[in-house]
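Heads up, run.cif below (mmCIF, C-alpha atoms):
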data_coords
#
loop_
_atom_site.label_atom_id
_atom_site.label_comp_id
_atom_site.auth_asym_id
_atom_site.auth_seq_id
_atom_site.Cartn_x
_atom_site.Cartn_y
_atom_site.Cartn_z
CA MET A 178 0.00 0.00 0.00
CA VAL A 179 1.59 3.24 -1.15
CA ALA A 180 0.65 6.32 0.89
CA THR A 181 -1.50 8.89 -0.91
CA SER A 182 0.95 11.66 -0.08
CA TYR A 183 3.60 9.98 -2.26
CA TYR A 184 1.33 10.24 -5.27
CA LEU A 185 0.48 13.84 -4.47
CA VAL A 186 4.13 14.81 -4.10
CA LEU A 187 4.92 13.15 -7.44
CA SER A 188 1.99 15.04 -8.96
CA ALA A 189 3.32 18.34 -7.59
CA ILE A 190 6.81 17.59 -8.94
CA LEU A 191 5.46 16.84 -12.41
CA PHE A 192 3.32 19.98 -12.33
CA GLY A 193 6.34 22.07 -11.32
CA LEU A 194 8.39 20.60 -14.15
CA GLY A 195 5.54 21.44 -16.52
CA VAL A 196 5.59 25.05 -15.31
CA VAL A 197 9.37 25.22 -15.81
CA GLY A 198 8.99 23.92 -19.36
CA PHE A 199 6.18 26.37 -20.04
CA VAL A 200 8.22 29.35 -18.84
CA PHE A 201 11.60 28.48 -20.31
CA ARG A 202 11.03 26.92 -23.70
CA ARG A 203 10.71 29.03 -26.83
CA ASN A 204 9.30 26.43 -29.19
CA VAL A 205 5.53 26.73 -29.23
CA ILE A 206 5.04 22.96 -29.66
CA THR A 207 7.20 22.20 -26.61
CA ILE A 208 5.27 24.79 -24.60
CA PHE A 209 2.08 23.02 -25.61
CA MET A 210 3.51 19.69 -24.50
CA SER A 211 4.39 21.23 -21.12
CA ILE A 212 0.72 22.12 -20.72
CA GLU A 213 -0.17 18.49 -21.41
CA LEU A 214 2.34 17.46 -18.74
CA MET A 215 0.61 19.74 -16.22
CA LEU A 216 -2.78 18.25 -17.11
CA ASN A 217 -1.36 14.77 -16.58
CA ALA A 218 0.02 15.75 -13.17
CA VAL A 219 -3.41 16.97 -12.10
CA ASN A 220 -4.97 13.74 -13.37
CA LEU A 221 -2.62 11.76 -11.14
CA ALA A 222 -3.75 13.80 -8.13
CA PHE A 223 -7.40 13.18 -9.05
CA VAL A 224 -6.93 9.40 -9.25
CA ALA A 225 -4.91 9.34 -6.01
CA PHE A 226 -7.67 11.22 -4.17
CA SER A 227 -10.28 8.95 -5.73
CA GLN A 228 -8.49 5.91 -4.33
CA ALA A 229 -7.85 7.50 -0.93
CA LEU A 230 -11.46 8.56 -0.42
CA GLY A 231 -12.93 5.38 -1.88
CA LYS A 232 -15.08 7.34 -4.36
CA LEU A 233 -15.04 7.16 -8.11
CA ASP A 234 -15.83 10.83 -8.82
CA GLY A 235 -12.16 11.57 -9.30
CA GLN A 236 -11.82 8.97 -12.03
CA VAL A 237 -14.84 10.38 -13.87
CA PHE A 238 -13.21 13.81 -13.67
CA VAL A 239 -10.05 12.39 -15.18
CA LEU A 240 -12.04 11.13 -18.15
CA PHE A 241 -13.48 14.63 -18.65
CA VAL A 242 -10.03 16.18 -18.36
CA ILE A 243 -8.76 13.81 -21.06
CA VAL A 244 -11.64 14.79 -23.36
CA VAL A 245 -10.98 18.49 -22.83
CA ALA A 246 -7.24 17.93 -23.41
CA ALA A 247 -8.02 16.20 -26.70
CA ALA A 248 -10.20 19.11 -27.83
CA GLU A 249 -7.56 21.59 -26.68
CA ALA A 250 -4.83 19.73 -28.57
CA THR A 251 -6.91 19.79 -31.76
CA VAL A 252 -7.56 23.52 -31.70
CA GLY A 253 -4.10 24.39 -30.36
CA LEU A 254 -2.29 22.45 -33.05
CA GLY A 255 -4.50 24.13 -35.65
CA VAL A 256 -3.36 27.50 -34.30
CA ILE A 257 0.25 26.30 -34.32
CA ILE A 258 -0.01 25.28 -37.98
CA LEU A 259 -1.43 28.72 -38.76
CA ILE A 260 1.39 30.46 -36.87
CA ALA A 261 4.03 28.37 -38.64
CA ARG A 262 2.49 29.20 -42.00
CA GLN A 263 2.29 32.93 -41.35
CA ARG A 264 5.58 33.49 -39.53
CA GLN A 265 7.75 30.72 -40.96
CA SER A 266 8.90 30.10 -37.39
CA LEU A 267 7.82 28.23 -34.28
CA ASN A 268 9.65 30.53 -31.90
CA VAL A 269 7.18 32.27 -29.61
CA GLU A 270 9.38 35.36 -29.45
CA ARG A 271 8.65 35.96 -33.10
CA VAL A 272 4.92 35.86 -32.39
CA ASN A 273 4.59 39.17 -30.61
CA LEU A 274 1.47 40.48 -32.30
CA LEU A 275 -2.02 39.16 -31.82
CA LYS A 276 -2.69 40.23 -35.41
CA LEU A 277 -1.82 37.69 -38.08
CA MET B 48 10.10 -2.25 1.18
CA SER B 49 7.00 -3.81 -0.24
CA ALA B 50 6.74 -4.72 -3.89
CA GLN B 51 4.09 -2.04 -4.47
CA LEU B 52 6.35 0.66 -3.09
CA ALA B 53 9.21 -0.54 -5.27
CA VAL B 54 7.00 -0.42 -8.37
CA PHE B 55 5.79 3.04 -7.35
CA PHE B 56 9.31 4.42 -7.05
CA LEU B 57 10.35 2.81 -10.34
CA LEU B 58 7.40 4.36 -12.20
CA ALA B 59 7.78 7.70 -10.41
CA ALA B 60 11.46 7.86 -11.35
CA LEU B 61 10.55 7.03 -14.95
CA ALA B 62 7.91 9.79 -15.01
CA VAL B 63 10.20 12.42 -13.52
CA ALA B 64 13.05 11.43 -15.84
CA GLY B 65 10.69 11.73 -18.80
CA ALA B 66 9.50 15.15 -17.66
CA VAL B 67 13.06 16.43 -17.18
CA SER B 68 13.97 15.08 -20.60
CA LEU B 69 10.92 16.86 -22.06
CA ILE B 70 12.19 20.16 -20.69
CA PHE B 71 15.81 19.79 -21.72
CA ALA B 72 15.54 18.08 -25.11
CA ARG B 73 16.44 20.54 -27.84
CA HIS B 74 14.49 18.82 -30.56
CA PRO B 75 10.67 18.82 -30.31
CA ILE B 76 10.39 15.21 -31.46
CA ARG B 77 12.52 14.13 -28.49
CA SER B 78 10.26 16.13 -26.19
CA ALA B 79 7.24 14.36 -27.67
CA LEU B 80 8.78 10.92 -27.15
CA SER B 81 9.70 11.87 -23.55
CA LEU B 82 6.10 12.92 -22.95
CA ILE B 83 4.95 9.49 -24.17
CA VAL B 84 7.28 7.90 -21.58
CA VAL B 85 5.70 10.08 -18.87
CA MET B 86 2.20 9.07 -19.97
CA VAL B 87 3.00 5.36 -20.01
CA ALA B 88 4.54 5.62 -16.52
CA LEU B 89 1.42 7.43 -15.30
CA ALA B 90 -0.74 4.68 -16.79
CA GLY B 91 1.26 2.19 -14.72
CA LEU B 92 0.64 4.32 -11.63
CA TYR B 93 -3.10 4.34 -12.37
CA LEU B 94 -2.99 0.54 -12.50
CA LEU B 95 -1.22 0.58 -9.14
CA LEU B 96 -4.03 2.77 -7.80
CA GLY B 97 -6.62 0.29 -9.02
CA ALA B 98 -7.97 2.45 -11.84
CA GLU B 99 -7.76 0.03 -14.75
CA PHE B 100 -10.15 1.86 -17.06
CA VAL B 101 -8.40 5.20 -16.64
CA ALA B 102 -5.07 3.48 -17.31
CA ALA B 103 -6.42 2.02 -20.55
CA VAL B 104 -7.88 5.37 -21.61
CA GLN B 105 -4.58 7.07 -20.76
CA ILE B 106 -2.70 4.73 -23.10
CA ILE B 107 -5.27 4.73 -25.91
CA VAL B 108 -6.33 8.39 -25.97
CA TYR B 109 -3.31 10.24 -24.55
CA ALA B 110 -0.31 8.19 -25.57
CA GLY B 111 -2.09 6.98 -28.69
CA ALA B 112 -4.28 9.64 -30.24
CA ILE B 113 -3.10 12.96 -28.79
CA MET B 114 0.61 12.24 -29.04
CA VAL B 115 0.22 10.94 -32.60
CA LEU B 116 -1.36 14.31 -33.37
CA PHE B 117 1.64 16.09 -31.82
CA VAL B 118 4.19 13.98 -33.66
CA PHE B 119 2.21 14.44 -36.87
CA VAL B 120 2.27 18.24 -36.54
CA ILE B 121 5.98 18.27 -35.62
CA MET B 122 6.79 16.30 -38.75
CA LEU B 123 4.34 18.25 -40.91
CA LEU B 124 5.95 21.56 -39.94
CA ASN B 125 9.44 20.06 -40.14
CA ALA B 126 10.21 21.57 -36.73
CA GLY B 127 13.94 21.66 -36.20
CA GLU B 128 16.05 22.42 -33.18
CA GLU B 129 14.99 25.35 -31.10
CA GLU B 130 16.97 28.46 -31.87
CA ARG B 131 18.82 29.85 -28.89
CA THR B 132 17.79 33.35 -28.00
CA ASN B 133 18.50 35.33 -24.88
CA PHE B 134 16.17 34.85 -21.98
CA SER B 135 14.51 37.93 -20.69
CA ARG B 136 16.26 38.94 -17.51
CA LEU B 137 13.06 38.60 -15.50
CA ALA B 138 12.54 34.98 -16.57
CA LYS B 139 16.14 34.12 -15.82
CA THR B 140 16.30 35.59 -12.34
CA ALA B 141 12.76 35.12 -11.09
CA GLY B 142 11.26 32.40 -13.29
CA LEU B 143 13.15 29.32 -12.17
CA PRO B 144 13.15 30.07 -8.41
CA LEU B 145 9.43 30.87 -8.54
CA ALA B 146 8.63 27.68 -10.48
CA VAL B 147 10.66 25.58 -8.04
CA ALA B 148 8.98 27.36 -5.12
CA LEU B 149 5.57 26.61 -6.64
CA GLY B 150 6.39 22.91 -7.01
CA ALA B 151 7.82 22.71 -3.49
CA PHE B 152 4.83 24.54 -2.02
CA LEU B 153 2.37 22.24 -3.78
CA ALA B 154 4.32 19.16 -2.68
CA ALA B 155 4.51 20.35 0.92
CA ALA B 156 0.81 21.18 1.03
CA ALA B 157 -0.08 17.84 -0.53
CA ALA B 158 2.09 15.89 1.87
CA LYS B 159 0.65 17.80 4.83
CA TYR B 160 -3.02 17.58 4.03
CA ALA B 161 -3.17 14.23 2.26
CA PRO B 162 -5.95 11.98 3.51
CA SER B 163 -4.60 8.91 5.19
CA SER B 164 -4.86 6.17 2.63
CA GLY B 165 -6.92 3.58 4.37
CA THR B 166 -9.95 2.55 2.39
CA GLY B 167 -8.19 1.42 -0.74
CA THR B 168 -11.00 -1.03 -1.30
CA ALA B 169 -12.74 1.35 -3.71
CA ALA B 170 -15.04 -0.76 -5.81
CA ALA B 171 -13.28 0.70 -8.80
CA SER B 172 -14.65 -1.69 -11.32
CA THR B 173 -15.26 -0.39 -14.81
CA LYS B 174 -18.91 -1.28 -14.34
CA THR B 175 -19.47 1.12 -11.44
CA LEU B 176 -17.45 3.77 -13.24
CA SER B 177 -19.65 3.52 -16.34
CA THR B 178 -22.84 3.52 -14.26
CA MET B 179 -21.64 6.70 -12.63
CA LEU B 180 -20.62 8.30 -15.91
CA PHE B 181 -23.90 7.60 -17.66
CA ARG B 182 -26.19 8.25 -14.70
CA ASP B 183 -24.79 10.93 -12.37
CA PHE B 184 -22.62 12.69 -14.94
CA VAL B 185 -24.72 12.22 -18.05
CA PHE B 186 -25.27 15.95 -18.63
CA PRO B 187 -21.57 16.88 -18.58
CA PHE B 188 -20.91 13.81 -20.69
CA GLU B 189 -23.30 15.04 -23.36
CA LEU B 190 -21.76 18.51 -23.16
CA THR B 191 -18.33 17.06 -23.96
CA SER B 192 -19.69 15.79 -27.26
CA PHE B 193 -20.61 19.36 -28.16
CA LEU B 194 -17.15 20.46 -27.07
CA ILE B 195 -15.53 17.94 -29.40
CA LEU B 196 -17.81 18.97 -32.26
CA ILE B 197 -16.86 22.62 -31.80
CA ALA B 198 -13.18 21.66 -31.58
CA ILE B 199 -13.42 19.80 -34.89
CA LEU B 200 -15.07 22.81 -36.54
CA GLY B 201 -12.50 25.17 -35.06
CA ALA B 202 -9.58 23.07 -36.24
CA LEU B 203 -11.04 22.86 -39.74
CA VAL B 204 -11.61 26.62 -39.95
CA LEU B 205 -8.12 27.36 -38.62
CA ALA B 206 -6.22 24.94 -40.80
CA GLN B 207 -7.87 25.52 -44.16
CA ARG B 208 -6.04 27.68 -46.66
CA GLU B 209 -7.60 31.00 -47.49
CA GLY B 210 -8.78 31.75 -50.97
#
Could you render the structure from this file as structure tokens?
Amino acid sequence: MVATSYYLVLSAILFGLGVVGFVFRRNVITIFMSIELMLNAVNLAFVAFSQALGKLDGQVFVLFVIVVAAAEATVGLGVIILIARQRQSLNVERVNLLKL
Amino acid sequence: MSAQLAVFFLLAALAVAGAVSLIFARHPIRSALSLIVVMVALAGLYLLLGAEFVAAVQIIVYAGAIMVLFVFVIMLLNAGEEERTNFSRLAKTAGLPLAVALGAFLAAAAAKYAPSSGTGTAAASTKTLSTMLFRDFVFPFELTSFLILIAILGALVLAQREG
């Protein structure tokens, strides 16, 4: 039996690493993958709480988070393709105008 | 050390190594493959927690569908190595310490207020999960189908060529 706090600490570490990647990377695709890493960290916390409390609500939430992440990935990658086409670059520092 | 704890630390080390590799890999395709490692390790942790269905969905939807989409876009755009530009001074001096502080704060709070894992006997069968999903959460479930529909439309509108 692994204590719940171990899972939560692992979740916090993964979330922190996701934040570091989000802040420090310049490639827009890598930034997007850091966001996915953060979502995964939160999912781990949800499942750990679900097991600790003996309720399944957390697991249902994880399924919803996965659906939303899939939708987000679809739209986000569409935007990324558009940016790459307009700017000829994936560096976020070259995308400094909201206007295309 | 029990076998479960050993498996937990193995998978946790794999997940953290994958996340660190995601951050430091210079090529986006390596970041994507590292993220797949993280997701597979998390699926193993879900199995350890007794959430078989979530583990299967994690592999099929996340590591399968979403990451294929990522790898597809990386290859479509022919994304090369990230060009090195100067960090802004604010990000360099304040960004990393603040991010580490955030992670440490979250970890400390989680370790302090974690419920004592006792029950563990959660009747986490896929059957009860599906009953819950289609009875208690049926309205949000239907809303997600609208969300996906809108996402499909949005992606089509964004990606089509003008003119």
I'd like to know which of A:Ala229, A:Ala246, A:Val269, A:Ala222 is closest to Phe201 in chain A, using all atoms listed in the file. A:Val269
Tell me as a PyMOL selection string which residues belonging to chain A come within 6 Å of chain B, counting all atoms listed in the file. chain A and resi 179-182+185-186+189-190+193+197-198+228-229+231+248+252+255
Applying the PyMOL selection byres ((chain A and resi 270) around 10) to the file I just gave you, which residues come out? Please list them as a list in words.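 On this input, the PyMOL selection byres ((chain A and resi 270) around 10) captures Arg203, Asn204, Val205, Ser266, Leu267, Asn268, Val269, Arg271, Val272, Asn273 and Leu274 of chain A; Thr132 of chain B.
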Just C-alpha atoms for this one: save the residues we selected as a short mmCIF file (atom, residue, chain, number, x, y, z; two decimals), in the coordinates of the input.
data_model
loop_
_atom_site.label_atom_id
_atom_site.label_comp_id
_atom_site.auth_asym_id
_atom_site.auth_seq_id
_atom_site.Cartn_x
_atom_site.Cartn_y
_atom_site.Cartn_z
CA ARG A 203 10.71 29.03 -26.83
CA ASN A 204 9.30 26.43 -29.19
CA VAL A 205 5.53 26.73 -29.23
CA SER A 266 8.90 30.10 -37.39
CA LEU A 267 7.82 28.23 -34.28
CA ASN A 268 9.65 30.53 -31.90
CA VAL A 269 7.18 32.27 -29.61
CA ARG A 271 8.65 35.96 -33.10
CA VAL A 272 4.92 35.86 -32.39
CA ASN A 273 4.59 39.17 -30.61
CA LEU A 274 1.47 40.48 -32.30
CA THR B 132 17.79 33.35 -28.00
#
So, counting only C-alpha atoms, which residue among B:Leu57, B:Ala88, B:Ala102, B:Met122 is closest to Gln236 in chain A?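 Among the listed residues, the smallest separation from Gln236 in chain A belongs to B:Ala102.
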Could you please determine the separation between CA of Ile212 in chain A and CA of Ala250 in chain A in Å, to one decimal place?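 One can read the CA of Ile212 in chain A to CA of Ala250 in chain A distance as 9.9 Å.
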Using only C-alpha atoms, find the one residue out of A:Arg264, A:Leu233, A:Asn220, A:Glu213 that sits nearest to Ala247 in chain A.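 That would be A:Glu213, the residue with the smallest distance to Ala247 in chain A.
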Could you tell me which of B:Asn125, B:Val84, B:Phe193, B:Thr173 comes closest to Leu58 in chain B if we count all atoms listed in the file?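 The shortest atom-to-atom distance to Leu58 in chain B comes from B:Val84.
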Kindly give the distance, in Å, that separates CA of Leu194 in chain A and CA of Ser227 in chain A, rounded to a single decimal.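 These two atoms are separated by 23.6 Å.
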Since fewer atoms than expected are present, regenerate N, CA and C atoms for range 93-108 of chain B and write them as a tab-separated table (two decimals), in the frame of the given file.
chain	number	residue	atom	x	y	z
B	93	TYR	N	-1.65	4.49	-12.48
B	93	TYR	CA	-3.10	4.34	-12.37
B	93	TYR	C	-3.46	2.88	-12.10
B	94	LEU	N	-2.75	1.95	-12.76
B	94	LEU	CA	-2.99	0.54	-12.50
B	94	LEU	C	-2.69	0.22	-11.04
B	95	LEU	N	-1.60	0.80	-10.53
B	95	LEU	CA	-1.22	0.58	-9.14
B	95	LEU	C	-2.29	1.11	-8.19
B	96	LEU	N	-2.97	2.18	-8.62
B	96	LEU	CA	-4.03	2.77	-7.80
B	96	LEU	C	-5.35	2.05	-7.98
B	97	GLY	N	-5.39	1.03	-8.82
B	97	GLY	CA	-6.62	0.29	-9.02
B	97	GLY	C	-7.59	0.93	-9.98
B	98	ALA	N	-7.10	1.80	-10.86
B	98	ALA	CA	-7.97	2.45	-11.84
B	98	ALA	C	-7.65	1.89	-13.22
B	99	GLU	N	-8.15	0.69	-13.50
B	99	GLU	CA	-7.76	0.03	-14.75
B	99	GLU	C	-8.28	0.77	-15.96
B	100	PHE	N	-9.55	1.24	-15.88
B	100	PHE	CA	-10.15	1.86	-17.06
B	100	PHE	C	-9.42	3.16	-17.41
B	101	VAL	N	-9.12	3.95	-16.38
B	101	VAL	CA	-8.40	5.20	-16.64
B	101	VAL	C	-7.03	4.91	-17.23
B	102	ALA	N	-6.38	3.84	-16.75
B	102	ALA	CA	-5.07	3.48	-17.31
B	102	ALA	C	-5.19	3.15	-18.79
B	103	ALA	N	-6.23	2.38	-19.14
B	103	ALA	CA	-6.42	2.02	-20.55
B	103	ALA	C	-6.70	3.25	-21.39
B	104	VAL	N	-7.56	4.15	-20.87
B	104	VAL	CA	-7.88	5.37	-21.61
B	104	VAL	C	-6.63	6.24	-21.77
B	105	GLN	N	-5.82	6.28	-20.70
B	105	GLN	CA	-4.58	7.07	-20.76
B	105	GLN	C	-3.70	6.59	-21.91
B	106	ILE	N	-3.55	5.27	-22.03
B	106	ILE	CA	-2.70	4.73	-23.10
B	106	ILE	C	-3.33	4.99	-24.46
B	107	ILE	N	-4.65	4.69	-24.58
B	107	ILE	CA	-5.27	4.73	-25.91
B	107	ILE	C	-5.43	6.17	-26.39
B	108	VAL	N	-6.01	7.03	-25.52
B	108	VAL	CA	-6.33	8.39	-25.97
B	108	VAL	C	-5.11	9.30	-25.89
